[in-house]
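Structure file work-v5.cif (mmCIF, C-alpha atoms) follows.
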```cif
data_work
#
loop_
_atom_site.label_atom_id
_atom_site.label_comp_id
_atom_site.auth_asym_id
_atom_site.auth_seq_id
_atom_site.Cartn_x
_atom_site.Cartn_y
_atom_site.Cartn_z
CA MET A 1 17.07 37.81 8.35
CA THR A 2 13.60 36.67 7.31
CA THR A 3 13.20 33.66 5.08
CA THR A 4 10.33 33.60 2.58
CA ALA A 5 9.04 30.76 0.48
CA SER A 6 10.48 32.34 -2.66
CA SER A 7 13.98 32.43 -1.15
CA LEU A 8 14.09 28.72 -0.25
CA THR A 9 16.18 26.41 -2.38
CA PRO A 10 13.92 23.95 -4.24
CA LEU A 11 14.44 20.28 -3.49
CA THR A 12 15.15 19.16 -7.03
CA SER A 13 15.92 15.55 -6.13
CA LEU A 14 12.98 14.95 -3.78
CA ARG A 15 11.23 11.59 -4.14
CA THR A 16 9.47 9.14 -1.86
CA GLY A 17 11.87 7.06 0.19
CA HIS A 18 10.15 4.33 2.15
CA VAL A 19 6.82 4.14 3.97
CA GLY A 20 6.43 3.17 7.62
CA ILE A 21 3.24 1.41 8.72
CA ASN A 22 2.14 0.62 12.26
CA VAL A 23 0.84 -2.94 12.59
CA THR A 24 -0.65 -5.05 15.39
CA ASP A 25 1.15 -8.32 14.56
CA LEU A 26 4.57 -7.97 12.94
CA ASP A 27 4.95 -11.60 11.85
CA ARG A 28 1.51 -11.67 10.20
CA SER A 29 2.16 -8.39 8.38
CA VAL A 30 5.64 -9.42 7.21
CA ALA A 31 4.14 -12.60 5.73
CA PHE A 32 1.35 -10.63 4.03
CA TYR A 33 3.60 -8.05 2.37
CA ARG A 34 6.18 -10.69 1.46
CA ASP A 35 3.68 -13.16 0.00
CA VAL A 36 1.31 -10.73 -1.72
CA LEU A 37 3.68 -8.02 -2.94
CA GLY A 38 6.79 -10.14 -3.29
CA LEU A 39 8.79 -7.92 -0.95
CA GLU A 40 11.90 -9.40 0.63
CA LEU A 41 12.81 -9.17 4.28
CA LEU A 42 15.84 -6.88 4.50
CA GLY A 43 16.11 -6.82 8.28
CA ARG A 44 14.20 -6.95 11.51
CA SER A 45 14.61 -6.12 15.16
CA GLY A 46 16.44 -8.66 17.26
CA PRO A 47 14.78 -11.42 19.28
CA ASP A 48 15.39 -9.50 22.50
CA ALA A 49 13.51 -6.40 21.35
CA PRO A 50 10.52 -5.60 23.57
CA PRO A 51 7.15 -6.15 21.82
CA GLU A 52 6.52 -2.41 21.39
CA ARG A 53 9.91 -1.98 19.66
CA ARG A 54 9.60 -4.78 17.07
CA ALA A 55 10.14 -3.70 13.47
CA ALA A 56 10.94 -5.17 10.07
CA GLN A 57 12.28 -3.64 6.88
CA LEU A 58 10.97 -4.96 3.55
CA GLY A 59 12.22 -4.13 0.09
CA LYS A 60 12.54 -4.95 -3.56
CA ASP A 61 15.89 -5.72 -5.20
CA GLY A 62 17.66 -4.66 -1.99
CA ALA A 63 16.01 -1.21 -1.85
CA LEU A 64 13.92 -0.37 1.21
CA VAL A 65 10.18 0.00 0.43
CA LEU A 66 8.36 -0.51 3.76
CA THR A 67 9.18 -0.50 7.44
CA LEU A 68 6.61 -2.24 9.59
CA TRP A 69 6.39 -1.23 13.25
CA GLN A 70 4.50 -3.35 15.76
CA GLN A 71 3.13 -0.30 17.57
CA ALA A 72 -0.60 -0.36 16.83
CA ALA A 73 -3.12 -1.32 19.49
CA GLY A 74 -5.92 -1.86 16.96
CA PRO A 75 -6.78 -1.71 13.26
CA HIS A 76 -6.28 1.28 10.97
CA GLU A 77 -9.12 3.75 11.39
CA ARG A 78 -10.03 5.49 8.16
CA ASP A 79 -11.72 8.45 9.88
CA ARG A 80 -8.46 9.59 11.51
CA ALA A 81 -5.90 11.95 10.03
CA GLY A 82 -2.95 10.18 8.49
CA LEU A 83 -2.35 7.77 5.65
CA HIS A 84 -5.29 7.54 3.25
CA HIS A 85 -3.92 4.64 1.20
CA LEU A 86 -0.69 3.23 -0.11
CA SER A 87 -0.45 2.57 -3.83
CA PHE A 88 1.91 0.27 -5.72
CA GLN A 89 2.33 0.50 -9.49
CA VAL A 90 3.03 -2.49 -11.72
CA ASP A 91 3.68 -2.59 -15.46
CA THR A 92 0.87 -4.83 -16.70
CA VAL A 93 -2.74 -5.85 -16.19
CA ASP A 94 -1.53 -9.43 -15.81
CA GLU A 95 0.47 -8.43 -12.72
CA VAL A 96 -2.59 -6.75 -11.21
CA ARG A 97 -4.65 -9.88 -11.85
CA ALA A 98 -1.95 -12.12 -10.35
CA ALA A 99 -1.99 -10.00 -7.19
CA GLU A 100 -5.79 -10.13 -7.14
CA TRP A 101 -5.77 -13.96 -7.19
CA SER A 102 -3.07 -14.12 -4.54
CA LEU A 103 -5.13 -11.84 -2.31
CA LYS A 104 -8.32 -13.83 -2.91
CA GLU A 105 -6.50 -17.02 -1.89
CA ARG A 106 -5.58 -15.31 1.40
CA GLY A 107 -9.13 -14.09 2.05
CA ALA A 108 -8.23 -10.40 1.72
CA THR A 109 -10.90 -7.74 1.99
CA PHE A 110 -11.48 -5.92 -1.32
CA HIS A 111 -13.10 -2.51 -1.57
CA TYR A 112 -14.41 -3.11 -5.11
CA ASP A 113 -15.22 -6.23 -7.09
CA GLY A 114 -12.57 -6.94 -9.73
CA LEU A 115 -10.55 -4.32 -11.54
CA ALA A 116 -11.61 -0.74 -10.94
CA LEU A 117 -10.74 2.08 -13.32
CA HIS A 118 -9.26 5.21 -11.76
CA GLY A 119 -12.05 7.20 -13.34
CA GLU A 120 -14.74 6.97 -15.98
CA GLY A 121 -13.13 6.54 -19.42
CA ARG A 122 -9.62 6.03 -17.98
CA ASP A 123 -7.23 3.30 -19.10
CA SER A 124 -5.54 3.06 -15.68
CA GLY A 125 -6.74 1.36 -12.52
CA GLY A 126 -6.33 -1.74 -10.45
CA ILE A 127 -7.42 -3.43 -7.26
CA PHE A 128 -8.19 -1.82 -3.94
CA PHE A 129 -7.93 -3.89 -0.76
CA ALA A 130 -6.86 -3.88 2.88
CA ASP A 131 -3.87 -5.37 4.66
CA PRO A 132 -4.45 -7.50 7.79
CA ASP A 133 -4.81 -4.35 9.93
CA GLY A 134 -7.19 -2.55 7.59
CA THR A 135 -4.64 -0.22 5.96
CA ARG A 136 -6.02 0.61 2.51
CA LEU A 137 -3.81 -0.51 -0.37
CA GLU A 138 -3.90 -0.31 -4.14
CA ILE A 139 -2.05 -2.19 -6.88
CA PHE A 140 -2.52 -0.51 -10.24
CA THR A 141 -1.26 -0.27 -13.78
CA ALA A 142 -1.06 3.02 -15.67
CA SER A 143 -2.55 1.60 -18.86
CA GLY A 144 -4.16 -1.42 -20.48
CA LEU A 145 -7.52 -1.49 -18.72
CA THR A 146 -9.73 -0.19 -21.53
CA GLY A 147 -12.82 -2.41 -21.54
CA GLN A 148 -11.60 -4.49 -18.55
CA GLY A 149 -13.10 -2.68 -15.60
CA THR A 150 -15.53 -0.06 -14.42
CA ALA A 151 -15.19 3.12 -12.43
CA PRO A 152 -17.05 2.93 -9.11
CA PHE A 153 -17.70 6.69 -9.21
CA ALA A 154 -18.55 8.63 -12.35
CA ASP A 155 -17.69 11.99 -10.78
CA ALA A 156 -14.64 11.31 -8.60
CA PRO A 157 -11.33 9.43 -8.62
CA THR A 158 -11.75 5.84 -7.50
CA CYS A 159 -8.75 5.90 -5.16
CA GLY A 160 -10.10 8.88 -3.24
CA PHE A 161 -13.22 7.34 -1.77
CA PHE A 162 -12.65 3.73 -0.86
#
```
Whole structure given in structure tokens:
Amino acid sequence: MTTTASSLTPLTSLRTGHVGINVTDLDRSVAFYRDVLGLELLGRSGPDAPPERRAAQLGKDGALVLTLWQQAAGPHERDRAGLHHLSFQVDTVDEVRAAEWSLKERGATFHYDGLALHGEGRDSGGIFFADPDGTRLEIFTASGLTGQGTAPFADAPTCGFF
């Protein structure tokens, strides 16, 4: 029997579960995601785990959001296939600005100065920055940015080319 795309059952309940990120220093990355994003440590590998098998699970309100794996030998390389960026949505501009200040206090690397609109004339946007290993991240709000930011590119989505 041959299976075709039209005969497959659609996945009606499909949604993103959690994201796994390779990091070079687990403790540093746990602190970053905990302090900047407010994620809680849900679990981690035991003290006897070999360095290449260290991992931590981080979440929000008890739900798993990120698993960090200490498996990277160097920083994230943006010219390689794989994750382009990881985006987190918040409800308000004030939350985006609070994250921006928290990141500035930690010396984070930003891809744009201040709030960046998702596109010219859009009301959504946020901040674009890197974690300690160079993984590109975004914290955005879906509305409320009219007159509060600029779009870095007039002809393309901001989050596509940072």
Show me, as a tab-separated table, the residues of stretch 52-132 of chain A having an atom within 12 Å of stretch 7-17 of chain A, each with the closest atom pair and its distance in Å, using all atoms listed in the file.
```
residue	atom	partner	partner_atom	distance
A:Gly59	CA	A:Gly17	CA	11.2
A:Ala63	CA	A:Gly17	CA	9.5
A:Leu64	CA	A:Gly17	CA	7.8
A:Val65	CA	A:Gly17	CA	7.3
A:Leu66	CA	A:Gly17	CA	9.1
A:Thr67	CA	A:Gly17	CA	10.8
A:Leu86	CA	A:Thr16	CA	11.9
```
Review point. What does the PyMOL selection byres ((chain A and resi 152) around 8) select in this file, as JSON, numbers by chain?
Key: {"A": [112, 116, 117, 119, 150, 151, 153, 154, 158]}
Point to revise | Hits from the PyMOL selection byres ((chain A and resi 28) around 12), listed as number ranges by chain | key: A: 23-27, 29-36, 56, 68-70, 106, 131-133
Exercise for review: Have a look at atom CA of A:Ile127 and atom CA of A:Asp155 and let me know their distance in Å, one decimal.
Suggested key: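 Interatomic distance, atom CA of A:Ile127 to atom CA of A:Asp155: 18.9 Å.
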**Study point:** Closest of A:Ala156, A:Lys60, A:Ile139, A:Arg54 to A:Phe88 - atom-to-atom distances counting all atoms listed in the file
**Key:**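 Of A:Ala156, A:Lys60, A:Ile139, A:Arg54, the one nearest A:Phe88 is A:Ile139, counting all atoms listed in the file.
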**Study point:** Shell around stretch 144-148 of chain A at 10 Å using all atoms listed in the file, local window under 3 positions removed, as an NGL selection string
**Key:** :A and (91-94 or 114-118 or 121-126 or 140-141)
